[in-house]
$ cat upload.txt   # compact mmCIF, N, CA and C atoms
# COMPACT_ATOMS: atom_id res chain seq x y z
N MET B 13 20.98 -16.23 71.60
CA MET B 13 20.13 -15.88 70.49
C MET B 13 19.59 -17.15 69.83
N ARG B 14 18.27 -17.22 69.68
CA ARG B 14 17.64 -18.38 69.03
C ARG B 14 17.70 -18.24 67.52
N HIS B 15 17.86 -19.37 66.87
CA HIS B 15 17.89 -19.39 65.41
C HIS B 15 16.63 -20.05 64.87
N HIS B 16 16.30 -19.70 63.63
CA HIS B 16 15.15 -20.28 62.95
C HIS B 16 15.64 -20.86 61.63
N LEU B 17 15.29 -22.10 61.35
CA LEU B 17 15.67 -22.74 60.09
C LEU B 17 14.54 -22.55 59.09
N ARG B 18 14.80 -21.82 58.01
CA ARG B 18 13.80 -21.58 56.98
C ARG B 18 14.06 -22.55 55.83
N PRO B 19 13.12 -23.48 55.58
CA PRO B 19 13.33 -24.46 54.51
C PRO B 19 13.18 -23.83 53.13
N LEU B 20 13.90 -24.37 52.18
CA LEU B 20 13.85 -23.89 50.80
C LEU B 20 13.04 -24.85 49.94
N PHE B 21 12.47 -24.31 48.88
CA PHE B 21 11.75 -25.06 47.86
C PHE B 21 10.66 -25.95 48.47
N ASP B 22 10.69 -27.25 48.18
CA ASP B 22 9.62 -28.16 48.63
C ASP B 22 10.01 -28.91 49.89
N ARG B 23 10.83 -28.29 50.72
CA ARG B 23 11.27 -28.96 51.95
C ARG B 23 10.45 -28.51 53.15
N VAL B 24 10.41 -29.38 54.15
CA VAL B 24 9.71 -29.08 55.40
C VAL B 24 10.65 -29.35 56.56
N VAL B 25 10.45 -28.62 57.66
CA VAL B 25 11.21 -28.84 58.89
C VAL B 25 10.28 -29.48 59.89
N ILE B 26 10.71 -30.60 60.46
CA ILE B 26 9.87 -31.41 61.35
C ILE B 26 10.59 -31.65 62.66
N LYS B 27 9.86 -31.51 63.74
CA LYS B 27 10.37 -31.90 65.06
C LYS B 27 9.78 -33.26 65.37
N GLU B 28 10.64 -34.25 65.57
CA GLU B 28 10.19 -35.62 65.82
C GLU B 28 9.55 -35.73 67.20
N LEU B 29 8.45 -36.47 67.25
CA LEU B 29 7.82 -36.79 68.52
C LEU B 29 8.39 -38.12 69.00
N ASP B 30 8.51 -38.29 70.29
CA ASP B 30 9.03 -39.54 70.83
C ASP B 30 8.12 -40.69 70.44
N PRO B 31 8.70 -41.80 69.97
CA PRO B 31 7.86 -42.95 69.61
C PRO B 31 7.17 -43.51 70.84
N ASP B 32 5.91 -43.80 70.69
CA ASP B 32 5.12 -44.33 71.80
C ASP B 32 5.12 -45.85 71.70
N ARG B 33 5.86 -46.50 72.58
CA ARG B 33 5.96 -47.95 72.52
C ARG B 33 4.92 -48.66 73.37
N VAL B 34 4.19 -47.93 74.19
CA VAL B 34 3.16 -48.54 75.03
C VAL B 34 1.79 -48.21 74.42
N ARG B 35 1.07 -49.24 74.05
CA ARG B 35 -0.26 -49.06 73.45
C ARG B 35 -1.31 -48.88 74.54
N ARG B 36 -2.50 -48.47 74.15
CA ARG B 36 -3.59 -48.26 75.11
C ARG B 36 -3.91 -49.52 75.90
N SER B 37 -3.73 -50.67 75.27
CA SER B 37 -4.02 -51.94 75.94
C SER B 37 -2.98 -52.28 77.01
N GLY B 38 -1.88 -51.52 77.03
CA GLY B 38 -0.81 -51.80 77.97
C GLY B 38 0.30 -52.63 77.37
N LEU B 39 0.13 -53.08 76.13
CA LEU B 39 1.12 -53.90 75.44
C LEU B 39 2.36 -53.06 75.15
N LEU B 40 3.52 -53.57 75.49
CA LEU B 40 4.77 -52.89 75.21
C LEU B 40 5.30 -53.42 73.88
N VAL B 41 5.48 -52.54 72.91
CA VAL B 41 5.96 -52.95 71.59
C VAL B 41 7.47 -52.76 71.56
N PRO B 42 8.23 -53.86 71.43
CA PRO B 42 9.69 -53.73 71.41
C PRO B 42 10.16 -53.15 70.08
N PRO B 43 11.32 -52.51 70.08
CA PRO B 43 11.86 -52.02 68.82
C PRO B 43 12.16 -53.20 67.89
N GLY B 44 11.88 -53.04 66.62
CA GLY B 44 12.10 -54.13 65.66
C GLY B 44 13.57 -54.30 65.31
N ASN B 45 13.89 -55.49 64.86
CA ASN B 45 15.27 -55.78 64.47
C ASN B 45 15.49 -55.57 62.98
N HIS B 46 14.40 -55.49 62.23
CA HIS B 46 14.53 -55.39 60.78
C HIS B 46 14.46 -53.93 60.37
N GLU B 47 13.39 -53.55 59.74
CA GLU B 47 13.23 -52.18 59.26
C GLU B 47 12.62 -51.32 60.36
N PRO B 48 13.17 -50.13 60.60
CA PRO B 48 12.59 -49.27 61.63
C PRO B 48 11.18 -48.82 61.24
N PRO B 49 10.30 -48.68 62.21
CA PRO B 49 8.93 -48.28 61.91
C PRO B 49 8.87 -46.82 61.47
N PRO B 50 7.80 -46.42 60.79
CA PRO B 50 7.66 -45.01 60.43
C PRO B 50 7.64 -44.16 61.71
N GLN B 51 8.14 -42.97 61.58
CA GLN B 51 8.20 -42.06 62.72
C GLN B 51 7.19 -40.95 62.50
N HIS B 52 6.94 -40.17 63.54
CA HIS B 52 6.01 -39.07 63.36
C HIS B 52 6.51 -37.83 64.08
N GLY B 53 6.01 -36.68 63.63
CA GLY B 53 6.47 -35.42 64.20
C GLY B 53 5.53 -34.29 63.83
N ILE B 54 5.90 -33.10 64.25
CA ILE B 54 5.12 -31.90 64.01
C ILE B 54 5.86 -31.01 63.02
N VAL B 55 5.15 -30.52 62.00
CA VAL B 55 5.74 -29.62 61.01
C VAL B 55 5.96 -28.26 61.66
N LEU B 56 7.22 -27.82 61.70
CA LEU B 56 7.54 -26.51 62.26
C LEU B 56 7.50 -25.41 61.21
N ASP B 57 7.93 -25.74 59.99
CA ASP B 57 7.93 -24.74 58.92
C ASP B 57 7.92 -25.44 57.57
N ILE B 58 7.45 -24.73 56.57
CA ILE B 58 7.38 -25.28 55.20
C ILE B 58 8.03 -24.30 54.24
N GLY B 59 8.62 -24.85 53.18
CA GLY B 59 9.19 -24.01 52.14
C GLY B 59 8.09 -23.48 51.23
N PRO B 60 8.44 -22.61 50.30
CA PRO B 60 7.46 -22.00 49.40
C PRO B 60 6.97 -22.92 48.29
N GLY B 61 7.59 -24.07 48.13
CA GLY B 61 7.25 -24.97 47.02
C GLY B 61 8.22 -24.76 45.88
N ILE B 62 7.94 -25.39 44.76
CA ILE B 62 8.81 -25.28 43.58
C ILE B 62 8.17 -24.28 42.64
N ASP B 63 8.99 -23.55 41.89
CA ASP B 63 8.51 -22.43 41.09
C ASP B 63 7.36 -22.78 40.13
N TRP B 64 7.34 -23.95 39.55
CA TRP B 64 6.28 -24.28 38.59
C TRP B 64 4.98 -24.68 39.27
N TRP B 65 5.02 -24.95 40.58
CA TRP B 65 3.82 -25.38 41.30
C TRP B 65 2.71 -24.35 41.21
N GLU B 66 3.06 -23.08 41.40
CA GLU B 66 2.04 -22.02 41.40
C GLU B 66 1.31 -21.96 40.07
N ALA B 67 2.05 -22.05 38.97
CA ALA B 67 1.44 -22.01 37.63
C ALA B 67 0.54 -23.22 37.40
N ALA B 68 0.86 -24.36 38.03
CA ALA B 68 0.07 -25.57 37.87
C ALA B 68 -1.05 -25.67 38.90
N GLY B 69 -1.12 -24.71 39.81
CA GLY B 69 -2.16 -24.74 40.84
C GLY B 69 -1.87 -25.70 41.98
N VAL B 70 -0.61 -26.07 42.15
CA VAL B 70 -0.21 -27.00 43.21
C VAL B 70 0.26 -26.19 44.41
N ARG B 71 -0.14 -26.60 45.60
CA ARG B 71 0.35 -25.95 46.81
C ARG B 71 0.86 -27.01 47.78
N MET B 72 1.59 -26.58 48.77
CA MET B 72 2.15 -27.52 49.74
C MET B 72 1.01 -28.28 50.43
N PRO B 73 1.09 -29.61 50.50
CA PRO B 73 0.02 -30.40 51.08
C PRO B 73 0.02 -30.44 52.61
N VAL B 74 1.01 -29.82 53.24
CA VAL B 74 1.06 -29.76 54.70
C VAL B 74 1.17 -28.31 55.14
N GLN B 75 0.82 -28.07 56.41
CA GLN B 75 0.90 -26.74 56.98
C GLN B 75 1.67 -26.82 58.29
N ARG B 76 2.06 -25.65 58.79
CA ARG B 76 2.70 -25.62 60.10
C ARG B 76 1.74 -26.20 61.13
N GLY B 77 2.28 -27.02 62.02
CA GLY B 77 1.47 -27.62 63.07
C GLY B 77 0.87 -28.97 62.72
N ASP B 78 0.95 -29.40 61.44
CA ASP B 78 0.42 -30.72 61.05
C ASP B 78 1.24 -31.82 61.72
N HIS B 79 0.56 -32.88 62.10
CA HIS B 79 1.18 -34.08 62.69
C HIS B 79 1.39 -35.04 61.52
N VAL B 80 2.64 -35.28 61.14
CA VAL B 80 2.95 -36.07 59.95
C VAL B 80 3.69 -37.35 60.29
N VAL B 81 3.61 -38.31 59.37
CA VAL B 81 4.31 -39.58 59.49
C VAL B 81 5.34 -39.64 58.36
N PHE B 82 6.55 -40.11 58.69
CA PHE B 82 7.61 -40.18 57.69
C PHE B 82 8.45 -41.43 57.94
N PRO B 83 9.08 -41.97 56.88
CA PRO B 83 9.92 -43.16 57.08
C PRO B 83 11.22 -42.77 57.79
N ALA B 84 11.84 -43.74 58.43
CA ALA B 84 13.09 -43.49 59.15
C ALA B 84 14.19 -43.01 58.21
N SER B 85 14.07 -43.32 56.93
CA SER B 85 15.11 -42.95 55.96
C SER B 85 14.90 -41.56 55.37
N ALA B 86 13.88 -40.84 55.78
CA ALA B 86 13.55 -39.54 55.17
C ALA B 86 14.56 -38.47 55.54
N GLY B 87 14.91 -37.65 54.57
CA GLY B 87 15.63 -36.41 54.79
C GLY B 87 16.95 -36.49 55.52
N VAL B 88 17.28 -35.35 56.14
CA VAL B 88 18.54 -35.19 56.85
C VAL B 88 18.26 -34.62 58.24
N TRP B 89 18.88 -35.21 59.24
CA TRP B 89 18.73 -34.72 60.61
C TRP B 89 19.80 -33.69 60.87
N ILE B 90 19.38 -32.54 61.42
CA ILE B 90 20.33 -31.49 61.78
C ILE B 90 20.01 -31.00 63.18
N GLU B 91 20.94 -30.27 63.75
CA GLU B 91 20.72 -29.73 65.08
C GLU B 91 20.79 -28.21 65.01
N VAL B 92 19.73 -27.56 65.52
CA VAL B 92 19.67 -26.10 65.59
C VAL B 92 19.36 -25.74 67.03
N ASP B 93 20.23 -24.95 67.64
CA ASP B 93 20.06 -24.56 69.05
C ASP B 93 19.80 -25.77 69.94
N GLU B 94 20.59 -26.82 69.74
CA GLU B 94 20.51 -28.05 70.52
C GLU B 94 19.17 -28.78 70.38
N GLU B 95 18.47 -28.51 69.30
CA GLU B 95 17.20 -29.20 69.02
C GLU B 95 17.38 -30.00 67.73
N ARG B 96 17.06 -31.29 67.79
CA ARG B 96 17.22 -32.19 66.63
C ARG B 96 16.01 -32.04 65.71
N LEU B 97 16.25 -31.66 64.45
CA LEU B 97 15.19 -31.42 63.48
C LEU B 97 15.43 -32.22 62.21
N LEU B 98 14.34 -32.61 61.57
CA LEU B 98 14.41 -33.31 60.28
C LEU B 98 14.06 -32.32 59.18
N VAL B 99 14.89 -32.28 58.14
CA VAL B 99 14.59 -31.49 56.96
C VAL B 99 14.44 -32.49 55.82
N CYS B 100 13.24 -32.53 55.22
CA CYS B 100 13.01 -33.48 54.13
C CYS B 100 12.11 -32.85 53.07
N ARG B 101 12.07 -33.48 51.92
CA ARG B 101 11.16 -33.03 50.86
C ARG B 101 9.74 -33.46 51.23
N VAL B 102 8.78 -32.66 50.84
CA VAL B 102 7.40 -32.96 51.19
C VAL B 102 6.97 -34.30 50.58
N GLY B 103 7.55 -34.70 49.47
CA GLY B 103 7.23 -35.97 48.83
C GLY B 103 7.67 -37.19 49.62
N GLU B 104 8.55 -37.00 50.59
CA GLU B 104 9.01 -38.12 51.43
C GLU B 104 8.03 -38.43 52.55
N LEU B 105 7.13 -37.49 52.85
CA LEU B 105 6.17 -37.71 53.93
C LEU B 105 5.17 -38.79 53.52
N LEU B 106 4.77 -39.61 54.48
CA LEU B 106 3.83 -40.69 54.21
C LEU B 106 2.38 -40.25 54.38
N GLY B 107 2.14 -39.29 55.26
CA GLY B 107 0.77 -38.83 55.47
C GLY B 107 0.66 -37.86 56.63
N VAL B 108 -0.56 -37.35 56.80
CA VAL B 108 -0.88 -36.44 57.89
C VAL B 108 -1.86 -37.14 58.81
N ILE B 109 -1.59 -37.15 60.10
CA ILE B 109 -2.51 -37.75 61.06
C ILE B 109 -3.53 -36.69 61.45
N GLU B 110 -4.81 -37.02 61.25
CA GLU B 110 -5.89 -36.09 61.58
C GLU B 110 -6.82 -36.74 62.59
N ARG B 111 -7.49 -35.90 63.36
CA ARG B 111 -8.50 -36.41 64.28
C ARG B 111 -9.69 -36.88 63.46
N ALA B 112 -10.34 -37.95 63.90
CA ALA B 112 -11.46 -38.53 63.15
C ALA B 112 -12.59 -37.52 62.97
N ASP B 113 -12.80 -36.61 63.93
CA ASP B 113 -13.89 -35.65 63.81
C ASP B 113 -13.55 -34.50 62.86
N GLU B 114 -12.31 -34.45 62.35
CA GLU B 114 -11.91 -33.42 61.39
C GLU B 114 -11.97 -33.91 59.95
N ILE B 115 -12.25 -35.20 59.75
CA ILE B 115 -12.32 -35.76 58.41
C ILE B 115 -13.64 -35.33 57.77
N PRO B 116 -13.62 -34.87 56.51
CA PRO B 116 -14.86 -34.47 55.85
C PRO B 116 -15.90 -35.58 55.88
N GLU B 117 -17.16 -35.19 56.03
CA GLU B 117 -18.24 -36.15 56.20
C GLU B 117 -18.34 -37.16 55.06
N GLU B 118 -18.06 -36.70 53.84
CA GLU B 118 -18.17 -37.62 52.70
C GLU B 118 -17.12 -38.72 52.73
N LEU B 119 -16.03 -38.52 53.49
CA LEU B 119 -15.00 -39.55 53.60
C LEU B 119 -15.16 -40.42 54.83
N SER B 120 -15.77 -39.89 55.88
CA SER B 120 -15.92 -40.67 57.10
C SER B 120 -16.99 -41.73 56.89
N GLY B 121 -16.73 -42.90 57.38
CA GLY B 121 -17.69 -43.99 57.26
C GLY B 121 -17.69 -44.63 55.88
N ARG B 122 -16.86 -44.13 54.99
CA ARG B 122 -16.80 -44.70 53.64
C ARG B 122 -16.12 -46.06 53.71
N GLU B 123 -16.74 -47.04 53.12
CA GLU B 123 -16.18 -48.39 53.12
C GLU B 123 -15.48 -48.64 51.80
N LEU B 124 -14.45 -49.43 51.86
CA LEU B 124 -13.77 -49.84 50.64
C LEU B 124 -14.59 -50.93 49.98
N THR B 125 -14.89 -50.75 48.73
CA THR B 125 -15.66 -51.75 48.00
C THR B 125 -14.92 -52.14 46.74
N SER B 126 -15.23 -53.26 46.24
CA SER B 126 -14.63 -53.74 45.01
C SER B 126 -15.73 -53.98 44.00
N ASP B 127 -15.47 -53.54 42.75
CA ASP B 127 -16.43 -53.75 41.68
C ASP B 127 -16.23 -55.10 40.99
N GLU B 128 -15.23 -55.85 41.45
CA GLU B 128 -14.96 -57.13 40.84
C GLU B 128 -15.93 -58.18 41.34
N PRO B 129 -16.39 -59.08 40.45
CA PRO B 129 -17.28 -60.16 40.88
C PRO B 129 -16.53 -61.15 41.74
N ASP B 130 -17.25 -61.80 42.66
CA ASP B 130 -16.63 -62.79 43.55
C ASP B 130 -16.30 -64.07 42.85

$ encode --input "upload.txt" --output "C-alpha cells"
Amino acid sequence: MRHHLRPLFDRVVIKELDPDRVRRSGLLVPPGNHEPPPQHGIVLDIGPGIDWWEAAGVRMPVQRGDHVVFPASAGVWIEVDEERLLVCRVGELLGVIERADEIPEELSGRELTSDEPD
C-alpha cells in the first residue's frame, strides 16, 4: 500500500532532483568543500497555508509540479515508501525555476538600472 504525505500549514513536500555536475560545456563541477550548493527539486504537495493568510489575501507562492531551489539546510528529510522527501516551510525556498518563455513579457528583457549618478 502506497502512502501519501500531506503537509500541514505553510509546509511543502519536495522530491529532490539529482544534482547535475556536468555542465553543457562538458565541464565537470566537483562537489565543494565549504558550503553545499543550493539543491533543487519538484514540489509534490503543498499545505493549506497559515490561517491568517486567507484574510490577508496571501496564498502559497508555489504549486504542485513547480521546480524549486532550496538551501541544503532547509527542512527535514524523511522517507516515505522508500522515497526520500524534503518537508520544509515555504519561506525556506529560494525560488522557482521557470522556462524563459513562461516569464511575463514585461519582465523579460528588463535590464537592471541604477538611478544613482556615476

$ atom_distance --input "upload.txt" --atom1 "atom C of B:Cys100" --atom2 "atom N of B:Pro19"
9.8 Å

$ closest_residue --input "upload.txt" --among "B:Ala86, B:Asp30, B:Met72, B:Leu105" --to "B:Gly59" --atoms "only C-alpha atoms"
B:Met72

$ atom_distance --input "upload.txt" --atom1 "atom CA of B:Glu91" --atom2 "atom CA of B:Phe21"
20.0 Å

$ atom_distance --input "upload.txt" --atom1 "atom N of B:Ala84" --atom2 "atom CA of B:Val70"
25.6 Å

$ closest_residue --input "upload.txt" --among "B:Lys27, B:Leu97, B:Ser85, B:Asp22" --to "B:Asp63" --atoms "only N, CA and C atoms"
B:Asp22

$ residues_around --input "upload.txt" --residues "B:Gln51" --least-positions-apart "6" --cutoff "8 Å" --atoms "only C-alpha atoms" --output "compact mmCIF listing (two decimals) with N, CA and C atoms, keeping the file's coordinate frame"
# COMPACT_ATOMS: atom_id res chain seq x y z
N GLU B 28 10.64 -34.25 65.57
CA GLU B 28 10.19 -35.62 65.82
C GLU B 28 9.55 -35.73 67.20
N LEU B 29 8.45 -36.47 67.25
CA LEU B 29 7.82 -36.79 68.52
C LEU B 29 8.39 -38.12 69.00
N PRO B 31 8.70 -41.80 69.97
CA PRO B 31 7.86 -42.95 69.61
C PRO B 31 7.17 -43.51 70.84
N VAL B 81 3.61 -38.31 59.37
CA VAL B 81 4.31 -39.58 59.49
C VAL B 81 5.34 -39.64 58.36
N PHE B 82 6.55 -40.11 58.69
CA PHE B 82 7.61 -40.18 57.69
C PHE B 82 8.45 -41.43 57.94
N PRO B 83 9.08 -41.97 56.88
CA PRO B 83 9.92 -43.16 57.08
C PRO B 83 11.22 -42.77 57.79
N ALA B 84 11.84 -43.74 58.43
CA ALA B 84 13.09 -43.49 59.15
C ALA B 84 14.19 -43.01 58.21

$ residues_near_point --input "upload.txt" --point "(4.1, -24.7, 62.4)" --cutoff "5 Å" --atoms "all atoms listed in the file" --output "number ranges by chain"
B: 55-57, 76-77

$ closest_residue --input "upload.txt" --among "B:Val24, B:Val80, B:His52, B:Asp113" --to "B:Leu98" --atoms "all atoms listed in the file"
B:Val24

$ residues_around --input "upload.txt" --residues "B:Arg71" --least-positions-apart "2" --cutoff "8 Å" --atoms "only N, CA and C atoms" --output "MDAnalysis selection string"
chainID B and resid 60:62 65:66 68:69 73:74

$ write_last_selection --input "upload.txt" --atoms "N, CA and C atoms" --output "PDB file, keeping the file's coordinate frame"
ATOM      1  N   PRO B  60       8.440 -22.610  50.300  1.00  0.00           N
ATOM      2  CA  PRO B  60       7.460 -22.000  49.400  1.00  0.00           C
ATOM      3  C   PRO B  60       6.970 -22.920  48.290  1.00  0.00           C
ATOM      4  N   GLY B  61       7.590 -24.070  48.130  1.00  0.00           N
ATOM      5  CA  GLY B  61       7.250 -24.970  47.020  1.00  0.00           C
ATOM      6  C   GLY B  61       8.220 -24.760  45.880  1.00  0.00           C
ATOM      7  N   ILE B  62       7.940 -25.390  44.760  1.00  0.00           N
ATOM      8  CA  ILE B  62       8.810 -25.280  43.580  1.00  0.00           C
ATOM      9  C   ILE B  62       8.170 -24.280  42.640  1.00  0.00           C
ATOM     10  N   TRP B  65       5.020 -24.950  40.580  1.00  0.00           N
ATOM     11  CA  TRP B  65       3.820 -25.380  41.300  1.00  0.00           C
ATOM     12  C   TRP B  65       2.710 -24.350  41.210  1.00  0.00           C
ATOM     13  N   GLU B  66       3.060 -23.080  41.400  1.00  0.00           N
ATOM     14  CA  GLU B  66       2.040 -22.020  41.400  1.00  0.00           C
ATOM     15  C   GLU B  66       1.310 -21.960  40.070  1.00  0.00           C
ATOM     16  N   ALA B  68       0.860 -24.360  38.030  1.00  0.00           N
ATOM     17  CA  ALA B  68       0.070 -25.570  37.870  1.00  0.00           C
ATOM     18  C   ALA B  68      -1.050 -25.670  38.900  1.00  0.00           C
ATOM     19  N   GLY B  69      -1.120 -24.710  39.810  1.00  0.00           N
ATOM     20  CA  GLY B  69      -2.160 -24.740  40.840  1.00  0.00           C
ATOM     21  C   GLY B  69      -1.870 -25.700  41.980  1.00  0.00           C
ATOM     22  N   PRO B  73       1.090 -29.610  50.500  1.00  0.00           N
ATOM     23  CA  PRO B  73       0.020 -30.400  51.080  1.00  0.00           C
ATOM     24  C   PRO B  73       0.020 -30.440  52.610  1.00  0.00           C
ATOM     25  N   VAL B  74       1.010 -29.820  53.240  1.00  0.00           N
ATOM     26  CA  VAL B  74       1.060 -29.760  54.700  1.00  0.00           C
ATOM     27  C   VAL B  74       1.170 -28.310  55.140  1.00  0.00           C
TER      28      VAL B  74
END

$ select_by_dssp --input "upload.txt" --residues "stretch 37-112 of chain B" --states "strand (DSSP E or B)" --output "NGL selection string"
:B and (40 or 51-58 or 79-82 or 88-92 or 95-101 or 107-109)
